[in-house]
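Structure data follow from protein_2.txt (compact mmCIF, C-alpha atoms and all ligand atoms):
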# COMPACT_ATOMS: atom_id res chain seq x y z
CA MET B 16 0.00 0.00 0.00
CA LYS B 17 1.33 3.46 -0.83
CA LYS B 18 2.20 5.79 1.97
CA ILE B 19 1.38 9.34 3.08
CA VAL B 20 3.40 11.00 5.84
CA ILE B 21 1.91 13.74 8.00
CA GLN B 22 3.92 16.81 9.00
CA LYS B 23 5.23 16.95 12.53
CA GLY B 24 2.63 18.69 14.70
CA LYS B 25 -0.20 18.07 12.23
CA GLU B 26 -1.14 14.62 13.52
CA LYS B 27 -3.39 15.91 16.30
CA SER B 28 -6.67 15.68 14.41
CA LEU B 29 -5.93 12.09 13.35
CA GLN B 30 -5.05 11.24 16.94
CA ARG B 31 -8.53 12.51 17.77
CA PHE B 32 -9.91 10.19 15.05
CA HIS B 33 -11.12 12.96 12.75
CA PRO B 34 -11.57 11.18 9.40
CA TRP B 35 -10.09 13.87 7.10
CA VAL B 36 -6.46 14.64 6.22
CA PHE B 37 -6.14 18.08 4.65
CA SER B 38 -3.57 18.64 1.90
CA GLY B 39 -1.72 21.18 4.07
CA ALA B 40 -0.98 18.52 6.70
CA ILE B 41 0.96 16.24 4.35
CA ALA B 42 4.78 16.24 4.60
CA ARG B 43 5.43 13.76 1.78
CA LYS B 44 3.82 10.99 -0.16
CA ASP B 45 4.87 8.04 -2.31
CA LYS B 46 5.17 8.64 -6.01
CA GLY B 47 2.42 7.71 -8.39
CA ILE B 48 -0.59 7.54 -6.04
CA ALA B 49 -3.68 7.35 -8.26
CA GLU B 50 -6.89 9.32 -7.69
CA GLY B 51 -9.01 7.37 -5.20
CA GLU B 52 -6.26 4.88 -4.29
CA VAL B 53 -6.23 3.26 -0.84
CA VAL B 54 -3.26 4.63 1.15
CA GLU B 55 -1.73 4.24 4.60
CA VAL B 56 -1.09 7.34 6.67
CA PHE B 57 1.94 7.63 9.00
CA ASP B 58 3.11 10.28 11.44
CA ALA B 59 6.53 11.97 11.13
CA TYR B 60 8.10 9.22 13.28
CA ASP B 61 6.84 6.47 10.99
CA ASN B 62 4.04 5.32 13.30
CA PHE B 63 0.99 3.97 11.51
CA MET B 64 -2.06 6.21 11.93
CA ALA B 65 -4.85 5.31 9.54
CA ILE B 66 -6.02 4.02 6.14
CA GLY B 67 -8.13 5.93 3.63
CA HIS B 68 -8.84 6.98 0.07
CA TYR B 69 -6.46 9.51 -1.47
CA HIS B 70 -7.67 12.40 -3.66
CA THR B 71 -5.98 15.47 -5.08
CA SER B 72 -8.25 17.92 -3.30
CA SER B 73 -8.19 19.95 -0.12
CA ILE B 74 -9.41 16.89 1.81
CA SER B 75 -6.57 14.65 0.62
CA VAL B 76 -7.35 11.47 2.52
CA ARG B 77 -10.75 10.30 3.71
CA ILE B 78 -10.06 7.82 6.49
CA PHE B 79 -12.08 4.64 6.87
CA SER B 80 -9.87 2.76 9.33
CA PHE B 81 -7.70 3.76 12.27
CA ASP B 82 -6.61 0.12 12.64
CA LYS B 83 -3.99 -1.63 10.55
CA VAL B 84 -6.35 -3.98 8.79
CA GLU B 85 -6.59 -5.70 5.47
CA VAL B 86 -8.96 -3.72 3.29
CA ASN B 87 -10.85 -6.47 1.52
CA ARG B 88 -14.44 -7.57 0.85
CA ASP B 89 -14.89 -8.80 4.43
CA PHE B 90 -13.81 -5.42 5.77
CA TRP B 91 -16.45 -3.53 3.75
CA LYS B 92 -19.07 -6.20 4.36
CA MET B 93 -18.59 -5.80 8.10
CA LYS B 94 -19.09 -2.02 7.80
CA ILE B 95 -22.34 -2.50 5.87
CA GLU B 96 -23.53 -5.18 8.32
CA ARG B 97 -22.97 -2.69 11.16
CA ALA B 98 -24.92 -0.01 9.29
CA ILE B 99 -27.81 -2.47 8.82
CA ALA B 100 -27.65 -3.53 12.50
CA TYR B 101 -27.90 0.15 13.52
CA ARG B 102 -31.01 0.67 11.35
CA LYS B 103 -32.49 -2.46 12.91
CA MET B 104 -31.76 -1.09 16.36
CA ILE B 105 -33.65 2.14 15.61
CA TYR B 106 -36.56 0.13 14.11
CA LEU B 107 -36.25 1.38 10.57
CA PHE B 108 -35.08 -1.72 8.75
CA ASP B 109 -38.27 -3.75 8.70
CA ASN B 110 -40.74 -1.02 9.43
CA GLN B 111 -43.96 -1.25 7.39
CA ASN B 112 -44.89 2.29 8.38
CA THR B 113 -41.62 3.82 7.15
CA THR B 114 -40.22 2.17 4.04
CA LEU B 115 -37.47 4.69 3.26
CA PHE B 116 -34.36 5.43 5.27
CA ARG B 117 -30.68 6.25 4.99
CA LEU B 118 -28.71 3.03 5.11
CA ILE B 119 -25.19 4.49 4.87
CA ASN B 120 -24.45 8.00 6.09
CA GLY B 121 -20.82 8.64 5.03
CA GLU B 122 -18.52 9.36 7.97
CA GLY B 123 -21.38 8.59 10.38
CA ASP B 124 -21.17 4.96 9.25
CA GLY B 125 -17.39 4.89 8.88
CA MET B 126 -17.64 5.08 5.08
CA PRO B 127 -16.62 8.64 4.09
CA GLY B 128 -17.70 9.48 0.56
CA LEU B 129 -20.70 7.12 0.45
CA ILE B 130 -24.40 7.80 0.90
CA ALA B 131 -26.87 4.95 0.43
CA ASP B 132 -30.60 5.61 0.69
CA TRP B 133 -33.24 2.89 0.74
CA TYR B 134 -36.56 3.49 -1.01
CA ASN B 135 -38.79 0.49 -0.46
CA GLY B 136 -36.48 -2.03 -2.13
CA HIS B 137 -34.61 0.44 -4.33
CA LEU B 138 -31.14 1.41 -3.14
CA VAL B 139 -29.65 4.71 -4.33
CA LEU B 140 -25.88 5.11 -4.02
CA GLN B 141 -24.43 8.58 -4.03
CA PHE B 142 -20.66 8.76 -4.24
CA HIS B 143 -19.01 11.85 -2.82
CA SER B 144 -15.47 10.58 -3.33
CA TYR B 145 -13.82 8.96 -6.31
CA GLY B 146 -12.26 6.31 -4.05
CA MET B 147 -15.70 5.08 -3.04
CA TYR B 148 -16.89 5.28 -6.64
CA LEU B 149 -14.07 2.94 -7.68
CA MET B 150 -15.46 0.37 -5.25
CA ARG B 151 -18.97 0.40 -6.68
CA GLU B 152 -18.89 -3.15 -8.10
CA LEU B 153 -17.70 -4.59 -4.81
CA LEU B 154 -20.31 -2.59 -2.90
CA VAL B 155 -23.09 -3.71 -5.24
CA ASP B 156 -21.99 -7.30 -4.73
CA ILE B 157 -22.09 -6.93 -0.93
CA PHE B 158 -25.47 -5.14 -0.95
CA LYS B 159 -26.86 -7.93 -3.17
CA GLU B 160 -25.69 -10.51 -0.66
CA LEU B 161 -26.90 -8.69 2.47
CA LEU B 162 -30.21 -7.38 1.13
CA ALA B 163 -30.96 -10.26 -1.24
CA ASP B 164 -34.53 -11.01 -0.25
CA ARG B 165 -35.77 -7.44 -0.52
CA LEU B 166 -33.53 -5.68 -3.08
CA LYS B 167 -35.17 -4.59 -6.35
CA SER B 168 -32.57 -2.24 -7.79
CA ILE B 169 -29.37 -0.31 -7.15
CA PHE B 170 -28.97 3.07 -8.83
CA ASN B 171 -25.82 5.22 -8.92
CA LYS B 172 -26.77 8.87 -8.59
CA SER B 173 -23.47 10.74 -8.49
CA ALA B 174 -23.39 12.86 -11.66
CA THR B 175 -23.50 16.08 -9.64
CA THR B 176 -21.79 14.94 -6.46
CA LEU B 177 -18.63 13.80 -8.26
CA SER B 178 -18.52 16.56 -10.84
CA GLU B 179 -15.69 18.35 -9.04
CA SER B 180 -13.56 15.24 -8.91
CA ASN B 181 -10.28 15.32 -10.79
CA ALA B 182 -11.07 11.98 -12.31
CA PHE B 183 -13.74 10.59 -14.59
CA VAL B 184 -17.27 11.80 -13.93
CA PRO B 185 -19.89 9.05 -14.07
CA SER B 186 -23.39 9.72 -15.23
CA ASN B 187 -26.34 8.37 -13.31
CA GLU B 188 -26.76 4.69 -14.05
CA LEU B 189 -28.63 1.60 -12.97
CA LEU B 190 -26.16 -0.82 -11.39
CA TYR B 191 -28.56 -3.66 -10.67
CA GLY B 192 -32.16 -4.77 -11.18
CA THR B 193 -35.08 -2.74 -12.50
CA LEU B 194 -36.10 0.68 -11.32
CA ASP B 195 -39.76 1.71 -11.33
CA GLU B 196 -40.43 5.12 -12.87
CA GLU B 197 -41.74 6.37 -9.57
CA VAL B 198 -41.30 4.45 -6.36
CA LEU B 199 -44.10 4.52 -3.80
CA VAL B 200 -42.88 4.74 -0.20
CA HIS B 201 -44.41 5.44 3.19
CA GLU B 202 -42.89 7.67 5.83
CA ASN B 203 -44.60 7.40 9.23
CA GLY B 204 -47.53 6.03 7.25
CA VAL B 205 -47.68 9.04 4.91
CA PRO B 206 -47.39 8.02 1.23
CA PHE B 207 -44.99 9.67 -1.26
CA TYR B 208 -43.86 8.98 -4.81
CA ILE B 209 -40.11 9.23 -5.28
CA ASP B 210 -38.57 10.06 -8.65
CA ILE B 211 -35.11 8.59 -8.10
CA PRO B 212 -33.38 9.51 -11.40
CA GLN B 213 -34.78 13.04 -11.75
CA GLY B 214 -35.40 14.12 -8.15
CA GLN B 215 -33.11 16.26 -6.00
CA LYS B 216 -30.50 14.52 -3.82
CA THR B 217 -31.24 10.79 -3.92
CA GLY B 218 -34.93 11.59 -4.47
CA PHE B 219 -36.20 12.81 -1.10
CA PHE B 220 -35.02 14.78 1.93
CA ILE B 221 -35.07 11.79 4.25
CA ASP B 222 -33.31 13.76 6.99
CA GLN B 223 -36.50 15.74 7.78
CA ARG B 224 -38.62 12.70 8.76
CA ASP B 225 -38.82 13.42 12.51
CA ASN B 226 -39.33 17.14 11.97
CA ARG B 227 -42.18 16.52 9.51
CA LYS B 228 -43.82 14.35 12.15
CA MET B 229 -43.52 17.12 14.71
CA VAL B 230 -44.99 19.73 12.34
CA GLY B 231 -47.93 17.41 11.60
CA GLU B 232 -48.68 17.20 15.31
CA PHE B 233 -49.29 20.96 15.60
CA CYS B 234 -51.44 21.60 12.52
CA SER B 235 -54.95 20.61 13.55
CA GLY B 236 -57.36 23.33 12.40
CA LYS B 237 -54.44 25.55 11.33
CA LYS B 238 -53.52 27.48 8.20
CA VAL B 239 -50.09 26.24 7.18
CA LEU B 240 -47.49 27.64 4.77
CA ASN B 241 -44.71 25.32 3.57
CA LEU B 242 -41.91 27.39 2.04
CA PHE B 243 -39.33 25.59 -0.16
CA CYS B 244 -41.66 22.59 -0.16
CA TYR B 245 -39.83 20.40 -2.75
CA THR B 246 -42.19 17.39 -3.16
CA GLY B 247 -44.52 18.46 -0.36
CA GLY B 248 -43.13 16.48 2.60
CA PHE B 249 -44.17 18.88 5.35
CA SER B 250 -47.45 19.69 3.54
CA ALA B 251 -48.60 16.06 3.50
CA TYR B 252 -47.99 15.70 7.24
CA ALA B 253 -49.78 19.01 7.91
CA LEU B 254 -52.83 17.78 5.99
CA GLN B 255 -52.80 14.43 7.76
CA GLY B 256 -52.53 16.35 11.02
CA GLY B 257 -55.84 18.05 10.29
CA ALA B 258 -54.77 21.41 8.84
CA GLU B 259 -57.62 23.60 7.63
CA LEU B 260 -55.54 24.81 4.68
CA VAL B 261 -52.00 24.15 3.42
CA HIS B 262 -50.10 26.25 0.89
CA SER B 263 -46.88 24.87 -0.61
CA VAL B 264 -44.31 27.00 -2.44
CA ASP B 265 -41.29 25.98 -4.52
CA ILE B 266 -39.50 27.62 -7.43
CA SER B 267 -39.20 24.31 -9.29
CA LYS B 268 -42.21 23.53 -11.52
CA ARG B 269 -41.31 19.84 -11.44
CA ALA B 270 -41.24 19.88 -7.62
CA ILE B 271 -44.70 21.48 -7.58
CA GLU B 272 -46.03 18.80 -9.97
CA GLN B 273 -44.62 16.14 -7.65
CA THR B 274 -46.10 17.92 -4.63
CA ASN B 275 -49.53 17.77 -6.27
CA GLU B 276 -49.07 14.07 -7.11
CA ASN B 277 -48.10 13.34 -3.51
CA ILE B 278 -50.96 15.31 -2.04
CA ALA B 279 -53.37 13.51 -4.40
CA LEU B 280 -52.34 10.30 -2.63
CA LEU B 281 -54.11 11.68 0.46
CA GLY B 282 -57.52 11.56 -1.24
CA ASP B 283 -60.08 14.01 0.12
CA LEU B 284 -57.53 15.95 2.13
CA ALA B 285 -56.16 17.33 -1.14
CA ARG B 286 -59.11 19.75 -1.20
CA CYS B 287 -57.42 21.76 1.56
CA HIS B 288 -54.15 22.12 -0.39
CA GLU B 289 -52.80 24.50 -3.00
CA ALA B 290 -49.28 24.55 -4.47
CA PHE B 291 -47.53 27.54 -6.04
CA ALA B 292 -44.55 27.45 -8.40
CA ALA B 293 -43.01 30.72 -7.26
CA ASN B 294 -39.95 32.35 -5.82
CA VAL B 295 -40.39 32.30 -2.03
CA PHE B 296 -38.88 35.76 -1.72
CA ASP B 297 -41.61 37.22 -3.95
CA PHE B 298 -44.39 35.07 -2.48
CA ILE B 299 -43.64 36.07 1.08
CA GLU B 300 -43.62 39.80 0.21
CA GLU B 301 -46.99 39.57 -1.48
CA MET B 302 -48.85 37.30 0.92
CA PRO B 303 -51.26 38.80 3.47
CA ASP B 304 -50.04 39.62 6.98
CA HIS B 305 -50.96 37.38 9.91
CA PHE B 306 -52.76 34.83 7.75
CA TYR B 307 -50.82 31.62 8.44
CA ASP B 308 -50.67 30.00 11.91
CA VAL B 309 -47.73 27.75 11.03
CA ILE B 310 -44.88 28.55 8.63
CA VAL B 311 -42.19 26.04 7.62
CA VAL B 312 -38.95 27.56 6.30
CA ASP B 313 -36.65 24.90 4.83
CA PRO B 314 -34.48 26.62 2.21
CA PRO B 315 -31.65 25.12 0.16
CA ALA B 316 -28.15 25.58 1.65
CA PHE B 317 -27.55 29.35 1.53
CA ALA B 318 -23.91 28.84 2.59
CA LYS B 319 -22.51 25.87 0.69
CA HIS B 320 -18.93 26.86 1.61
CA TYR B 321 -17.24 28.71 4.46
CA LYS B 322 -16.25 31.38 1.92
CA VAL B 323 -19.88 32.44 1.47
CA LYS B 324 -20.87 32.07 5.10
CA GLU B 325 -21.58 35.78 5.68
CA GLN B 326 -23.84 35.92 2.65
CA GLY B 327 -25.60 32.78 3.87
CA ILE B 328 -26.16 34.29 7.32
CA LYS B 329 -27.84 37.32 5.71
CA GLY B 330 -30.04 35.07 3.59
CA TYR B 331 -31.26 33.06 6.60
CA ARG B 332 -31.78 36.21 8.67
CA ASN B 333 -33.85 37.90 5.96
CA ILE B 334 -36.15 34.98 5.26
CA ASN B 335 -36.69 34.35 8.98
CA ARG B 336 -37.40 38.03 9.63
CA LYS B 337 -40.08 37.91 6.95
CA ALA B 338 -41.63 34.76 8.40
CA MET B 339 -41.66 36.33 11.89
CA GLU B 340 -43.25 39.49 10.53
CA LYS B 341 -45.92 37.65 8.56
CA VAL B 342 -46.93 34.74 10.81
CA LYS B 343 -50.13 35.11 12.81
CA PRO B 344 -49.42 36.26 16.40
CA GLY B 345 -49.55 33.19 18.61
CA GLY B 346 -48.36 31.07 15.68
CA MET B 347 -45.39 28.80 15.08
CA ILE B 348 -42.39 28.77 12.78
CA PHE B 349 -40.34 25.69 11.98
CA THR B 350 -37.08 26.95 10.53
CA PHE B 351 -34.05 25.09 9.17
CA SER B 352 -30.57 25.43 7.75
CA CYS B 353 -28.83 22.57 5.95
CA SER B 354 -25.58 24.52 5.41
CA GLN B 355 -22.56 22.72 6.81
CA ALA B 356 -20.82 26.09 7.20
CA ILE B 357 -23.52 27.36 9.59
CA SER B 358 -23.12 25.84 13.04
CA LYS B 359 -25.91 25.29 15.54
CA GLU B 360 -24.65 28.32 17.47
CA ASP B 361 -24.55 30.42 14.27
CA PHE B 362 -28.12 29.43 13.53
CA GLN B 363 -29.29 30.36 17.04
CA THR B 364 -27.58 33.75 16.61
CA ILE B 365 -29.28 34.26 13.25
CA ILE B 366 -32.71 33.58 14.74
CA PHE B 367 -31.86 35.71 17.76
CA SER B 368 -30.93 38.69 15.51
CA ALA B 369 -33.99 38.21 13.31
CA ALA B 370 -36.22 38.23 16.42
CA ALA B 371 -34.48 41.31 17.82
CA MET B 372 -34.76 43.18 14.51
CA GLU B 373 -38.46 42.30 14.30
CA HIS B 374 -38.93 43.19 17.97
CA LYS B 375 -40.80 39.94 18.60
CA ASN B 376 -41.12 37.81 21.69
CA ILE B 377 -40.09 34.38 20.53
CA ARG B 378 -39.72 31.17 22.49
CA ILE B 379 -37.72 28.16 21.43
CA ILE B 380 -40.00 25.14 21.60
CA LYS B 381 -37.35 22.68 20.49
CA ASN B 382 -34.00 22.47 18.75
CA LEU B 383 -34.23 20.19 15.76
CA GLN B 384 -31.80 18.12 13.73
CA HIS B 385 -31.71 15.31 11.21
CA ALA B 386 -33.45 12.00 11.82
CA LEU B 387 -31.92 9.01 13.63
CA ASP B 388 -30.83 7.23 10.46
CA HIS B 389 -28.29 10.04 9.86
CA PRO B 390 -25.93 9.14 12.72
CA VAL B 391 -23.02 11.52 13.31
CA ASN B 392 -19.53 10.23 14.04
CA ILE B 393 -18.59 11.85 17.37
CA PHE B 394 -15.14 12.63 15.98
CA HIS B 395 -16.64 14.36 12.90
CA PRO B 396 -18.93 17.15 14.11
CA GLU B 397 -19.21 18.45 10.53
CA GLY B 398 -21.68 15.59 10.01
CA SER B 399 -24.33 17.55 11.95
CA TYR B 400 -25.31 19.68 8.98
CA LEU B 401 -29.09 20.06 9.57
CA LYS B 402 -30.06 22.59 12.21
CA GLY B 403 -33.58 23.59 12.98
CA MET B 404 -35.73 25.34 15.55
CA ALA B 405 -39.38 25.13 16.40
CA LEU B 406 -40.43 28.61 17.53
CA SER B 407 -43.53 30.06 19.10
CA ILE B 408 -44.16 33.67 18.11
CA GLU B 409 -46.14 35.98 20.40
N1 LIG V 501 -38.64 20.96 2.70
C1 LIG V 501 -38.34 20.07 1.61
C2 LIG V 501 -36.89 20.16 1.15
C3 LIG V 501 -36.48 21.55 0.68
S1 LIG V 501 -35.09 21.56 -0.36
C4 LIG V 501 -38.70 18.64 2.01
O1 LIG V 501 -39.08 18.40 3.17
O2 LIG V 501 -38.61 17.74 1.17
C5 LIG V 501 -35.09 23.18 -0.92
C6 LIG V 501 -36.09 23.50 -2.02
O3 LIG V 501 -36.06 24.91 -2.24
C7 LIG V 501 -35.83 22.88 -3.38
O4 LIG V 501 -36.94 22.10 -3.75
C8 LIG V 501 -35.65 24.07 -4.34
O5 LIG V 501 -36.28 23.86 -5.61
C9 LIG V 501 -36.35 25.18 -3.61
N2 LIG V 501 -35.91 26.55 -3.87
C10 LIG V 501 -34.66 27.03 -4.01
N3 LIG V 501 -34.68 28.37 -4.13
C11 LIG V 501 -35.98 28.77 -4.07
C12 LIG V 501 -36.65 30.02 -4.13
N4 LIG V 501 -35.98 31.15 -4.26
N5 LIG V 501 -37.99 30.04 -4.03
C13 LIG V 501 -38.69 28.89 -3.88
N6 LIG V 501 -38.10 27.68 -3.80
C14 LIG V 501 -36.77 27.60 -3.90
What does the file become when written as structure tokens?
Ligand code: SAH
Amino acid sequence: MKKIVIQKGKEKSLQRFHPWVFSGAIARKDKGIAEGEVVEVFDAYDNFMAIGHYHTSSISVRIFSFDKVEVNRDFWKMKIERAIAYRKMIYLFDNQNTTLFRLINGEGDGMPGLIADWYNGHLVLQFHSYGMYLMRELLVDIFKELLADRLKSIFNKSATTLSESNAFVPSNELLYGTLDEEVLVHENGVPFYIDIPQGQKTGFFIDQRDNRKMVGEFCSGKKVLNLFCYTGGFSAYALQGGAELVHSVDISKRAIEQTNENIALLGDLARCHEAFAANVFDFIEEMPDHFYDVIVVDPPAFAKHYKVKEQGIKGYRNINRKAMEKVKPGGMIFTFSCSQAISKEDFQTIIFSAAAMEHKNIRIIKNLQHALDHPVNIFHPEGSYLKGMALSIE
């Protein structure tokens, strides 16, 4: 195995089991290491530290083992078995009520660079590192073995997530089985169609499951506005929770079509729903004051990188100020940020400033985060990307 040596004094983060080696920490490396190759990492005194995939990017090595092990089929099979055991432990693996969940959550499952989402028999792999992408045949083989009785297809959906890689960019492709055009799933008993090849991410924002459930519990008899609705996740729960009226807004026409398809699955309840293909920033200016009792604000990542963090903070502050201004007094706001660059503390500060600027009395009902099937490696706090707050507005 080729070797990477860390600079003296730069081994601290690896000693604390953080799974990334930044390019600036490398003292020297063997010649001819290929993109995505498995390498061993040593400290300046030639002590073994870890094993990972090498890439020519700012995160140079993504570590998957801090033990000196043989990296073979059994090694990866054991990792996937552990991921399955965890989903069994949290009652998601054989749950008739919830037939979609995240099976592999990158660093959180000790497999940096790999996301695997399960949609009622259809597995979607999203590679975020070329090293993991190179292993796709082996991974498919292991998934086929471990999920044999229930697996209908495996789809690789990495065209956008690997586009910045220095190596070959794969297009989306079916790796196994047959994929239905739209897959029907249930989440906490609520039905949704998932368009795996065309949808955003792997098809659905699975991370919001628990938060959708919470929103649904507070909507009885309420007027609800779901901003940045995508395929109507929060809206469906609000309707099932007895909302008097639900309005869903997204800029994507396709997302609005899918929202309407999903809401149609709820039968009669669809009468209380209307979806708008519009820019949220225009919609929220034009909508009446104090009309909605509950507003959900779940925008796309406004700060994708640390470089644009300040801009992102302004974006979140502005949209939350508007929601606070417009919501009915005595109402609720469920607000989120999925930007990795915005920490939980940053998000609290943003909401605090928005409330101060709007001169509103606001209480935090609950701090929110991603669902249980998105476990975070304790040594990799960056994995906690979804921050949310349930607020009561006086
Ligand atoms: N809440 C959703 C996920 C939201 S993802 C769920 O539970 O599934 C963010 C969504 O915001 C995307 O669907 C994207 O199309 C939409 N979007 C991005 N910019 C927008 C804008 N300016 N106005 C309205 N929608 C926007």
Pull the closest atom pair for each residue of chain B that gets at most 9 Å from ligand LIG 501 (chain V), along with the distance in Å to one decimal, counting all atoms listed in the file, ordering rows by chain and then ascending residue number, as a tab-separated table.
residue	atom	partner	partner_atom	distance
B:Gln215	CA	V:LIG501	O4	7.3
B:Phe219	CA	V:LIG501	O2	5.9
B:Phe220	CA	V:LIG501	O2	4.7
B:Ile221	CA	V:LIG501	O2	7.6
B:Asp222	CA	V:LIG501	O1	8.3
B:Gln223	CA	V:LIG501	O1	5.9
B:Arg224	CA	V:LIG501	O1	8.0
B:Asn226	CA	V:LIG501	O1	8.9
B:Arg227	CA	V:LIG501	O1	7.3
B:Asn241	CA	V:LIG501	N1	7.5
B:Leu242	CA	V:LIG501	C13	6.9
B:Phe243	CA	V:LIG501	O3	3.9
B:Cys244	CA	V:LIG501	N1	4.5
B:Tyr245	CA	V:LIG501	O4	3.5
B:Thr246	CA	V:LIG501	O2	5.6
B:Gly247	CA	V:LIG501	O2	6.1
B:Gly248	CA	V:LIG501	O1	4.5
B:Phe249	CA	V:LIG501	O1	5.6
B:Ser250	CA	V:LIG501	O1	8.5
B:Val264	CA	V:LIG501	C13	6.1
B:Asp265	CA	V:LIG501	N6	3.7
B:Ile266	CA	V:LIG501	C13	3.9
B:Ser267	CA	V:LIG501	O5	4.7
B:Lys268	CA	V:LIG501	O5	8.4
B:Arg269	CA	V:LIG501	O5	8.7
B:Ala270	CA	V:LIG501	O4	6.2
B:Ile271	CA	V:LIG501	O4	8.7
B:Ala292	CA	V:LIG501	C13	7.5
B:Ala293	CA	V:LIG501	C13	5.8
B:Asn294	CA	V:LIG501	N5	3.5
B:Val295	CA	V:LIG501	N5	3.9
B:Phe296	CA	V:LIG501	N4	6.0
B:Asp297	CA	V:LIG501	N5	8.0
B:Phe298	CA	V:LIG501	N5	8.3
B:Val311	CA	V:LIG501	N1	7.9
B:Val312	CA	V:LIG501	N1	7.5
B:Asp313	CA	V:LIG501	N1	4.9
B:Pro314	CA	V:LIG501	C5	4.7
B:Pro315	CA	V:LIG501	C5	4.1
B:Ala316	CA	V:LIG501	C5	7.8
B:Phe351	CA	V:LIG501	N1	8.9
B:Cys353	CA	V:LIG501	S1	8.9
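Using all atoms listed in the file, the shortest contact distance between Asn187 in chain B and any of B:Leu199, B:Leu118, B:Ile211, B:Val391 is found at B:Ile211.
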Would you please work out which residue, of B:Arg332, B:Lys46, B:His395, B:Lys27, is nearest to Arg77 in chain B when using only C-alpha atoms?
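For Arg77 in chain B, the nearest of the given residues is B:His395.
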Could you name the residues that touch Lys18 in chain B at 9 Å or less, counting all atoms listed in the file, but leaving out those on the same chain fewer than 3 positions away, as number ranges by chain?
B: 43-46, 48, 54-57
Using all atoms listed in the file for the distances, tell me which of B:Leu115, B:Ala174, B:Leu162, B:Leu140 is nearest to Leu190 in chain B.
B:Leu140
Nearest-residue call for Trp91 in chain B, choices B:Asp109, B:Asp124, B:Glu202, B:Glu409, using only C-alpha atoms:
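With only C-alpha atoms as the atom set, the closest residue is B:Asp124.
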Which of these, B:Asp308, B:Asp132, B:Asp361, B:Glu232, has the shortest distance to Lys324 in chain B once you count all atoms listed in the file?
B:Asp361
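The space separating CA of Ala356 in chain B from CA of Gly330 in chain B comes to 13.4 Å.
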Skip Val155 in chain B itself and residues of its chain fewer than 2 positions away, then list as a PyMOL selection string all residues within 8 Å of it, counting only C-alpha atoms.
chain B and resi 151-153+157-159+169+190-191
Just want the 7 Å neighbourhood of range 34-37 of chain B, counted on only C-alpha atoms, with same-chain residues fewer than 5 positions away dropped. Output as a ChimeraX atom specification.
/B:29,73-78,395
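When only C-alpha atoms are used to compute distances to Gly125 in chain B, the closest of the residues B:Phe394, B:Tyr307, B:Phe233, B:Phe207 turns out to be B:Phe394.
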Please identify all polymer residues within 10 Å of Asn382 in chain B, counting all atoms listed in the file, omitting same-chain residues fewer than 5 positions from it, and present them as a PyMOL selection string.
chain B and resi 349-351+359+363+402-406
Record the distance separating CA of Ala100 in chain B and CA of His389 in chain B, expressed in Å with one decimal.
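Pair CA of Ala100 in chain B / CA of His389 in chain B returns 13.8 Å.
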For a cut-off of 6 Å around (-48.9, 29.5, 16.8), file coordinates, pick out all residues using only C-alpha atoms and list them as a PyMOL selection string.
chain B and resi 308+345-347+407
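Going from CA of Ala370 in chain B to CA of Phe291 in chain B covers 27.3 Å.
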With all atoms listed in the file as the counted atoms, please give the residues lying no more than 6 Å from Val239 in chain B, apart from itself and same-chain residues fewer than 6 positions off, as an NGL selection string.
:B and (261 or 307 or 309-310)
I need every residue sitting at most 8 Å from the point (-24.8, 7.3, 3.7) (coordinates as in the file, only C-alpha atoms considered), written as a VMD selection string.
chain B and resid 117 to 124 126 129 to 132 141 389
